[in-house]
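So the structure is just underneath, and the comments pick up after that.
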Amino acid sequence: MINEFPQALTIAGSDSGGGAGMQADIKTMQMRHVFATNVVIAITAQNTLGVQDAMPLPAKIIDAQFDSLAEDFKIKACKTGMLADSTRVECVVKNLKKYDFGPLVVDPVMVAKGGAQLLADEAIETIIKDLLPLATLITPNIPEAERLTGIRIQTEADMIEAAKAIQALGAKNVLIKGGHLEASQARDYTLLEDGSDFWMSGPRFETVRTHGTGDTISSAIVSELAKGANLKSAILTGKSYVTATIRDTIQVGHGHGPLNHWA
Ligand code: PLP
């Protein structure tokens with residue numbers, strides 16, 4: 001049948017180094033057997049050593065990308081990654097209200113592991129006010145959950161409290177990734193819309209090759225949603241996919257290296 005192959009959309013920033021951002025999203029969707037479309041929000045000049053430069057695109061060409069996709073594809077699930085600033089967040093919100101691209105996963109990308117700022121501080125309020133209410137799932141890491149809630153997260157009890165606070169801000173389902181906590185396991189907490197919750201545990205690997213982990217787990221979740229999976233099973237698949245890509249590292253670049261999507 002025409003247009004029935006699972007199609008997903010990533011709305012994100014480009015990483016010239018190929019390890020994170022939109023490139024990680026596309027690689028993940030490809031490996032999960034989903035056709036990846038994309039709306040580029042910003043271009044970064046980046047490698048495994050860091051982000052050397054970044055340039056957000058004008059709203060006009062962002063709108064045009066959404067229009068092109070809506071005209072032709074049957075997108076079943078979508079995600080946001082790097083959104084740069086509140087002008088771009090508002091532009092994305094406007095288009096997500098205009099078109100139906102299925103469930104939305106918001107990866108609230110703020111700062112790259114190397115320290116580069118990928119979202120202006122002033123945009124955090126816009127994300128909370130305008131984007132969160134549209135999200136099926138939001139997937140902050142610990143520093144992002146702290147910025148969204150003002151809660152200092154040092155324990156698993158703090159993660160639960162922060163998830164409840166993010167839900168109170170308007171997100172239906174919340175996945176807090178616990179990789180930044182000092183613990184022998186990488187444990188992630190999910191609070192679902194109906195109030196049920198669950199933890200996922202994975203081994204912690206001694207590696208600096210974790211560039212693009214957040215992009216990868218959110219894209220793996222979106223891929224499963226595009227194939228029709230329910231949210232909980234999509235999240236469980238996302239966790240096992242990202243764990244495998246960190247475990248079977250590849251040696252590329254001189255710094256904070258990328259994941260292995262052939263794992
Ligand atoms: N660059 C872009 C364009 C991104 O979207 C992201 C994360 O979402 C990163 C870099 C940061 O990747 P990491 O913090 O995993 O190194």
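Chain lettering (A, B, ...) mirrors the order of the structure tokens, residue numbering begins at 1 for each chain separately, and ligand numbering begins at 1 in order of display.
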
TODO: Within 7 Å of segment 107-122 of chain A, counting only C-alpha atoms, which residues show up once you throw out same-chain ones fewer than 3 positions away? Write them as a list in words, please.
DONE: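 With the cut-off at 7 Å, the set is Gly50, Val51, Thr80, Gly81, Met82, Leu83, Ala84, Asp85, Ser86, Glu125, Ile138, Thr139, Pro140, Glu144 and Ser218 of chain A.
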
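Every residue of segment 1-58 of chain A with a DSSP assignment of helix (DSSP H, G or I), taken from the backbone, is listed as Gly21, Met22, Gln23, Ala24, Asp25, Ile26, Lys27, Thr28, Met29, Gln30 and Met31 of chain A.
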
- prompt: Neighbours of segment 35-48 of chain A within 7 Å (only C-alpha atoms; same-chain residues fewer than 5 positions away dropped), as a PyMOL selection string?
  reply: chain A and resi 6-17+26+29-30+53-57+62+65-66+83-84+253-257

Output of the above residues as a JSON list (two decimals), in the first residue's frame, restricted to N, CA and C atoms:
[["chain", "number", "residue", "atom", "x", "y", "z"],
["A", 6, "PRO", "N", 6.47, 2.69, 7.97],
["A", 6, "PRO", "CA", 6.54, 3.60, 9.12],
["A", 6, "PRO", "C", 7.49, 4.77, 8.89],
["A", 7, "GLN", "N", 6.97, 5.97, 9.10],
["A", 7, "GLN", "CA", 7.73, 7.20, 8.85],
["A", 7, "GLN", "C", 7.76, 8.04, 10.11],
["A", 8, "ALA", "N", 8.93, 8.57, 10.44],
["A", 8, "ALA", "CA", 9.08, 9.39, 11.64],
["A", 8, "ALA", "C", 9.77, 10.69, 11.27],
["A", 9, "LEU", "N", 9.72, 11.64, 12.20],
["A", 9, "LEU", "CA", 10.28, 12.98, 11.94],
["A", 9, "LEU", "C", 11.14, 13.41, 13.12],
["A", 10, "THR", "N", 12.35, 13.90, 12.81],
["A", 10, "THR", "CA", 13.17, 14.55, 13.83],
["A", 10, "THR", "C", 13.30, 16.03, 13.52],
["A", 11, "ILE", "N", 13.03, 16.83, 14.54],
["A", 11, "ILE", "CA", 13.09, 18.30, 14.45],
["A", 11, "ILE", "C", 14.27, 18.69, 15.33],
["A", 12, "ALA", "N", 15.42, 19.00, 14.74],
["A", 12, "ALA", "CA", 16.62, 19.04, 15.57],
["A", 12, "ALA", "C", 17.76, 19.81, 14.92],
["A", 13, "GLY", "N", 18.89, 19.80, 15.59],
["A", 13, "GLY", "CA", 20.08, 20.46, 15.07],
["A", 13, "GLY", "C", 21.00, 19.45, 14.41],
["A", 14, "SER", "N", 21.70, 19.94, 13.38],
["A", 14, "SER", "CA", 22.65, 19.07, 12.67],
["A", 14, "SER", "C", 23.99, 19.05, 13.40],
["A", 15, "ASP", "N", 24.60, 17.89, 13.51],
["A", 15, "ASP", "CA", 25.95, 17.72, 14.08],
["A", 15, "ASP", "C", 26.87, 17.29, 12.94],
["A", 16, "SER", "N", 27.76, 18.20, 12.51],
["A", 16, "SER", "CA", 28.64, 17.86, 11.40],
["A", 16, "SER", "C", 29.51, 16.65, 11.70],
["A", 17, "GLY", "N", 29.76, 16.40, 13.00],
["A", 17, "GLY", "CA", 30.57, 15.24, 13.39],
["A", 17, "GLY", "C", 29.82, 13.93, 13.30],
["A", 26, "ILE", "N", 18.69, 10.10, 12.76],
["A", 26, "ILE", "CA", 18.44, 9.42, 11.47],
["A", 26, "ILE", "C", 19.06, 8.02, 11.49],
["A", 29, "MET", "N", 16.82, 5.78, 13.64],
["A", 29, "MET", "CA", 15.56, 5.42, 12.96],
["A", 29, "MET", "C", 15.82, 4.41, 11.85],
["A", 30, "GLN", "N", 16.91, 4.61, 11.13],
["A", 30, "GLN", "CA", 17.27, 3.67, 10.06],
["A", 30, "GLN", "C", 17.49, 2.27, 10.64],
["A", 53, "ASP", "N", 31.00, 25.95, 16.41],
["A", 53, "ASP", "CA", 30.15, 27.08, 16.00],
["A", 53, "ASP", "C", 28.72, 26.55, 15.82],
["A", 54, "ALA", "N", 27.76, 27.46, 15.83],
["A", 54, "ALA", "CA", 26.36, 27.06, 15.62],
["A", 54, "ALA", "C", 25.59, 28.21, 15.00],
["A", 55, "MET", "N", 24.62, 27.87, 14.16],
["A", 55, "MET", "CA", 23.80, 28.90, 13.51],
["A", 55, "MET", "C", 22.36, 28.41, 13.37],
["A", 56, "PRO", "N", 21.42, 29.05, 14.07],
["A", 56, "PRO", "CA", 20.01, 28.69, 13.87],
["A", 56, "PRO", "C", 19.54, 29.15, 12.50],
["A", 57, "LEU", "N", 18.59, 28.43, 11.93],
["A", 57, "LEU", "CA", 18.07, 28.80, 10.60],
["A", 57, "LEU", "C", 16.90, 29.77, 10.75],
["A", 62, "ILE", "N", 12.40, 27.02, 8.16],
["A", 62, "ILE", "CA", 11.88, 25.97, 9.06],
["A", 62, "ILE", "C", 10.42, 25.69, 8.71],
["A", 65, "GLN", "N", 10.17, 23.64, 5.54],
["A", 65, "GLN", "CA", 10.46, 22.20, 5.71],
["A", 65, "GLN", "C", 9.23, 21.47, 6.23],
["A", 66, "PHE", "N", 8.56, 22.06, 7.23],
["A", 66, "PHE", "CA", 7.33, 21.43, 7.75],
["A", 66, "PHE", "C", 6.30, 21.28, 6.64],
["A", 83, "LEU", "N", 16.70, 23.00, 19.85],
["A", 83, "LEU", "CA", 15.76, 23.99, 19.30],
["A", 83, "LEU", "C", 16.32, 25.42, 19.33],
["A", 84, "ALA", "N", 17.49, 25.58, 19.87],
["A", 84, "ALA", "CA", 18.29, 26.83, 19.78],
["A", 84, "ALA", "C", 17.80, 28.00, 20.63],
["A", 253, "GLY", "N", 37.31, 9.68, 15.82],
["A", 253, "GLY", "CA", 37.63, 11.00, 16.38],
["A", 253, "GLY", "C", 38.57, 10.89, 17.58],
["A", 254, "HIS", "N", 38.96, 12.08, 18.10],
["A", 254, "HIS", "CA", 39.96, 12.13, 19.17],
["A", 254, "HIS", "C", 39.35, 12.41, 20.53],
["A", 255, "GLY", "N", 38.05, 12.63, 20.60],
["A", 255, "GLY", "CA", 37.46, 13.04, 21.88],
["A", 255, "GLY", "C", 36.32, 12.17, 22.33],
["A", 256, "HIS", "N", 35.23, 12.89, 22.59],
["A", 256, "HIS", "CA", 34.03, 12.32, 23.19],
["A", 256, "HIS", "C", 33.25, 11.64, 22.06],
["A", 257, "GLY", "N", 33.56, 10.35, 21.85],
["A", 257, "GLY", "CA", 33.19, 9.68, 20.60],
["A", 257, "GLY", "C", 31.74, 9.25, 20.48]]

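The shortest atom-to-atom distance to ligand 1, with only C-alpha atoms and all ligand atoms taken into account, belongs to A:Ala24 out of A:Ala24, A:Ile221, A:Ala123, A:Ile2.
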
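Residues with any atom within 9 Å of Glu90 of chain A, counting only C-alpha atoms and excluding same-chain neighbours fewer than 5 positions away, are Asp85, Asn95, Thr126, Ile127, Asp130 and Leu131 of chain A.
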
Same residues, N, CA and C atoms, output as a CSV table (one decimal), in the first residue's frame:
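Final file, selection16.csv:
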chain,number,residue,atom,x,y,z
A,85,ASP,N,16.6,28.5,20.4
A,85,ASP,CA,16.1,29.7,21.1
A,85,ASP,C,14.6,29.8,21.0
A,95,ASN,N,4.0,25.0,14.0
A,95,ASN,CA,3.8,23.9,13.0
A,95,ASN,C,3.3,22.6,13.6
A,126,THR,N,9.7,29.1,27.4
A,126,THR,CA,8.9,28.9,26.2
A,126,THR,C,8.6,27.4,26.0
A,127,ILE,N,9.7,26.6,26.2
A,127,ILE,CA,9.5,25.1,26.1
A,127,ILE,C,8.5,24.7,27.1
A,130,ASP,N,4.8,26.4,26.1
A,130,ASP,CA,4.2,26.2,24.8
A,130,ASP,C,4.4,24.8,24.2
A,131,LEU,N,5.6,24.2,24.5
A,131,LEU,CA,5.9,22.9,23.9
A,131,LEU,C,5.5,21.7,24.7

Exercise. Hey, what does DSSP flag as strand (DSSP E or B) within segment 114-252 of chain A? Can you give it to me as JSON, numbers by chain?
Worked result: {"A": [117, 119, 137, 138, 141, 173, 174, 175, 176, 177, 185, 186, 187, 188, 189, 190, 191, 197, 198, 199, 200, 201, 202, 203, 211]}

Atom CA of Ile235 of chain A and atom CA of Arg209 of chain A are how many Å apart?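 Computed distance, atom CA of Ile235 of chain A to atom CA of Arg209 of chain A, equals 22.1 Å.
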
When distances are computed from only C-alpha atoms, which of A:Leu169, A:Ala163, A:Val174, A:Leu259 shows the smallest separation from Thr207 of chain A?
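The answer is A:Leu259, which sits nearest to Thr207 of chain A.
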
I'd like the contact shell of Asn3 of chain A - 10 Å cut-off, only C-alpha atoms, skipping same-chain residues fewer than 4 positions apart - returned as number ranges by chain. A: 7, 72-75

Pairwise distance, atom CA of Cys78 of chain A with atom CA of Thr28 of chain A, equals 13.1 Å

- [ ] Would you kindly return, as a list in words, each protein, DNA or RNA residue with an atom no farther than 12 Å from any atom of Ser196 of chain A, considering only C-alpha atoms and excluding same-chain residues fewer than 5 positions away?
- [x] Ile160, Ala163, Lys164, Lys172, Asn173, Val174, Tyr189, Thr190, Leu191 and Lys232 of chain A
